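Everything below concerns the one structure shown next.
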Amino acid sequence: MYGRNLKAYRKTNLEAELSVADPHRVIQMMFEGLIERLSQAKGAILRNDLEYKSDRIPVLADRMFALYDYMKELLAKASVSLDVAPIDEVINLILPIKQAWDQIPNDIKEETNQKILNDPNY
């Protein structure tokens, strides 16, 4: 019962925050949820709880697709309305992701590239 009440509280709290959040905060919250679900999936794998892991993985994909769907909608809106503001919003959402990628040290990039090139299952 406690778990159900906590879940209802979190859902209500999330809905309230989303209703007043700016688009940047919404994307930030999606990333927070993504990281939380990744951690849950990792823990489930380490515990060998495959059912819980399976439940978490589809949610991760949904969150990632939701982010890009949102940006796709903004670009479609810009195209139809001939308004550059939605394009600016997409740039503002993508820029921090790009900047984070830019900050990855070269040795980590090279190591990851080698793993990908050498392991077809990576």
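Identifiers in this document derive from the order of the structure tokens: chains are assigned A, B, ..., residues are numbered from 1 separately in each chain, and ligands are numbered from 1 in order of occurrence.
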List the spatial neighbours of Ile27 in chain A as a short mmCIF file (atom, residue, chain, number, x, y, z; two decimals) with N, CA, C and O atoms, in the first residue's frame - criterion: any atom at most 12 Å away, only C-alpha atoms, same-chain residues fewer than 4 positions off excluded.
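That gives us selection10.cif:
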data_model
loop_
_atom_site.label_atom_id
_atom_site.label_comp_id
_atom_site.auth_asym_id
_atom_site.auth_seq_id
_atom_site.Cartn_x
_atom_site.Cartn_y
_atom_site.Cartn_z
N LEU A 18 5.31 19.59 -14.23
CA LEU A 18 5.27 19.70 -15.70
C LEU A 18 4.34 20.81 -16.17
O LEU A 18 4.59 21.44 -17.19
N ALA A 21 6.44 23.95 -15.86
CA ALA A 21 7.83 23.89 -16.28
C ALA A 21 8.02 24.48 -17.67
O ALA A 21 7.18 24.33 -18.54
N ASP A 22 9.16 25.14 -17.84
CA ASP A 22 9.50 25.59 -19.18
C ASP A 22 10.04 24.39 -19.97
O ASP A 22 10.37 23.36 -19.38
N PRO A 23 10.12 24.50 -21.29
CA PRO A 23 10.56 23.36 -22.10
C PRO A 23 11.93 22.83 -21.69
O PRO A 23 12.16 21.62 -21.70
N PHE A 31 15.68 13.67 -18.85
CA PHE A 31 17.01 13.10 -18.64
C PHE A 31 17.16 12.55 -17.23
O PHE A 31 17.78 11.50 -17.03
N GLU A 32 16.60 13.24 -16.24
CA GLU A 32 16.66 12.73 -14.87
C GLU A 32 15.95 11.38 -14.78
O GLU A 32 16.45 10.45 -14.15
N GLY A 33 14.78 11.29 -15.40
CA GLY A 33 14.05 10.03 -15.41
C GLY A 33 14.80 8.95 -16.17
O GLY A 33 14.81 7.78 -15.76
N LEU A 34 15.44 9.33 -17.25
CA LEU A 34 16.23 8.38 -18.03
C LEU A 34 17.36 7.81 -17.19
O LEU A 34 17.56 6.59 -17.14
N ARG A 63 11.38 7.19 -23.36
CA ARG A 63 11.83 8.53 -22.94
C ARG A 63 12.76 9.15 -23.98
O ARG A 63 12.68 10.34 -24.26
N MET A 64 13.64 8.33 -24.54
CA MET A 64 14.55 8.86 -25.55
C MET A 64 13.79 9.26 -26.80
O MET A 64 14.03 10.33 -27.37
N PHE A 65 12.84 8.42 -27.22
CA PHE A 65 12.03 8.77 -28.38
C PHE A 65 11.19 10.01 -28.12
O PHE A 65 10.99 10.84 -29.00
N ALA A 66 10.69 10.16 -26.89
CA ALA A 66 9.87 11.32 -26.55
C ALA A 66 10.66 12.62 -26.71
O ALA A 66 10.13 13.62 -27.22
N LEU A 67 11.90 12.61 -26.31
CA LEU A 67 12.75 13.80 -26.46
C LEU A 67 12.88 14.17 -27.93
O LEU A 67 12.67 15.33 -28.32
N TYR A 68 13.21 13.20 -28.74
CA TYR A 68 13.41 13.49 -30.15
C TYR A 68 12.10 13.77 -30.88
O TYR A 68 12.06 14.58 -31.81
N ASP A 69 11.02 13.14 -30.45
CA ASP A 69 9.70 13.46 -31.02
C ASP A 69 9.33 14.91 -30.73
O ASP A 69 8.78 15.60 -31.59
N TYR A 70 9.62 15.37 -29.52
CA TYR A 70 9.33 16.75 -29.16
C TYR A 70 10.09 17.71 -30.08
O TYR A 70 9.54 18.67 -30.61
N MET A 71 11.37 17.41 -30.29
CA MET A 71 12.16 18.26 -31.16
C MET A 71 11.67 18.18 -32.61
O MET A 71 11.65 19.20 -33.32
N GLU A 89 14.63 26.86 -30.09
CA GLU A 89 14.39 25.98 -28.94
C GLU A 89 15.09 24.64 -29.13
O GLU A 89 15.70 24.11 -28.20
N VAL A 90 15.02 24.09 -30.34
CA VAL A 90 15.70 22.82 -30.61
C VAL A 90 17.21 22.98 -30.44
O VAL A 90 17.87 22.14 -29.84
N ASN A 92 18.69 25.10 -28.52
CA ASN A 92 18.95 25.21 -27.07
C ASN A 92 18.84 23.87 -26.35
O ASN A 92 19.49 23.68 -25.32
N LEU A 93 18.05 22.96 -26.88
CA LEU A 93 17.94 21.63 -26.28
C LEU A 93 19.10 20.72 -26.69
O LEU A 93 19.58 19.92 -25.89
N ILE A 94 19.54 20.86 -27.93
CA ILE A 94 20.60 20.01 -28.45
C ILE A 94 21.99 20.47 -28.00
O ILE A 94 22.88 19.66 -27.76
N PRO A 96 23.41 21.63 -25.17
CA PRO A 96 24.06 21.03 -23.99
C PRO A 96 24.46 19.57 -24.21
O PRO A 96 25.48 19.12 -23.69
N ILE A 97 23.68 18.85 -24.99
CA ILE A 97 24.02 17.46 -25.29
C ILE A 97 25.30 17.42 -26.11
O ILE A 97 26.23 16.66 -25.83
#
> Which residues come within 12 Å of Asp55 in chain A, counting only C-alpha atoms, excluding same-chain residues fewer than 2 positions away, as a list in words?
Replying inline: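 What passes the distance filter is Arg37, Leu38, Gln40, Ala41, Ala44, Ile45, Asp49, Leu50, Glu51, Tyr52, Lys53, Ile57, Pro58, Val59, Leu60, Ala61 and Asp62 of chain A.
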>> Using only C-alpha atoms for the distances, tell me which of A:Met30, A:Arg56, A:Ser79, A:Lys115 is nearest to Gly43 in chain A.
In response: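 Going through A:Met30, A:Arg56, A:Ser79, A:Lys115 one by one, the smallest distance to Gly43 in chain A is for A:Arg56.
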>> Would you compute the distance between CA of Ile104 in chain A and CA of Glu36 in chain A? Give it in Å to one decimal.
In response: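 Those two atoms sit 21.6 Å apart.
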>> Report, in Å with one decimal, the straight-line distance from CA of Glu110 in chain A to CA of Leu95 in chain A.
In response: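 The value is 22.6 Å.
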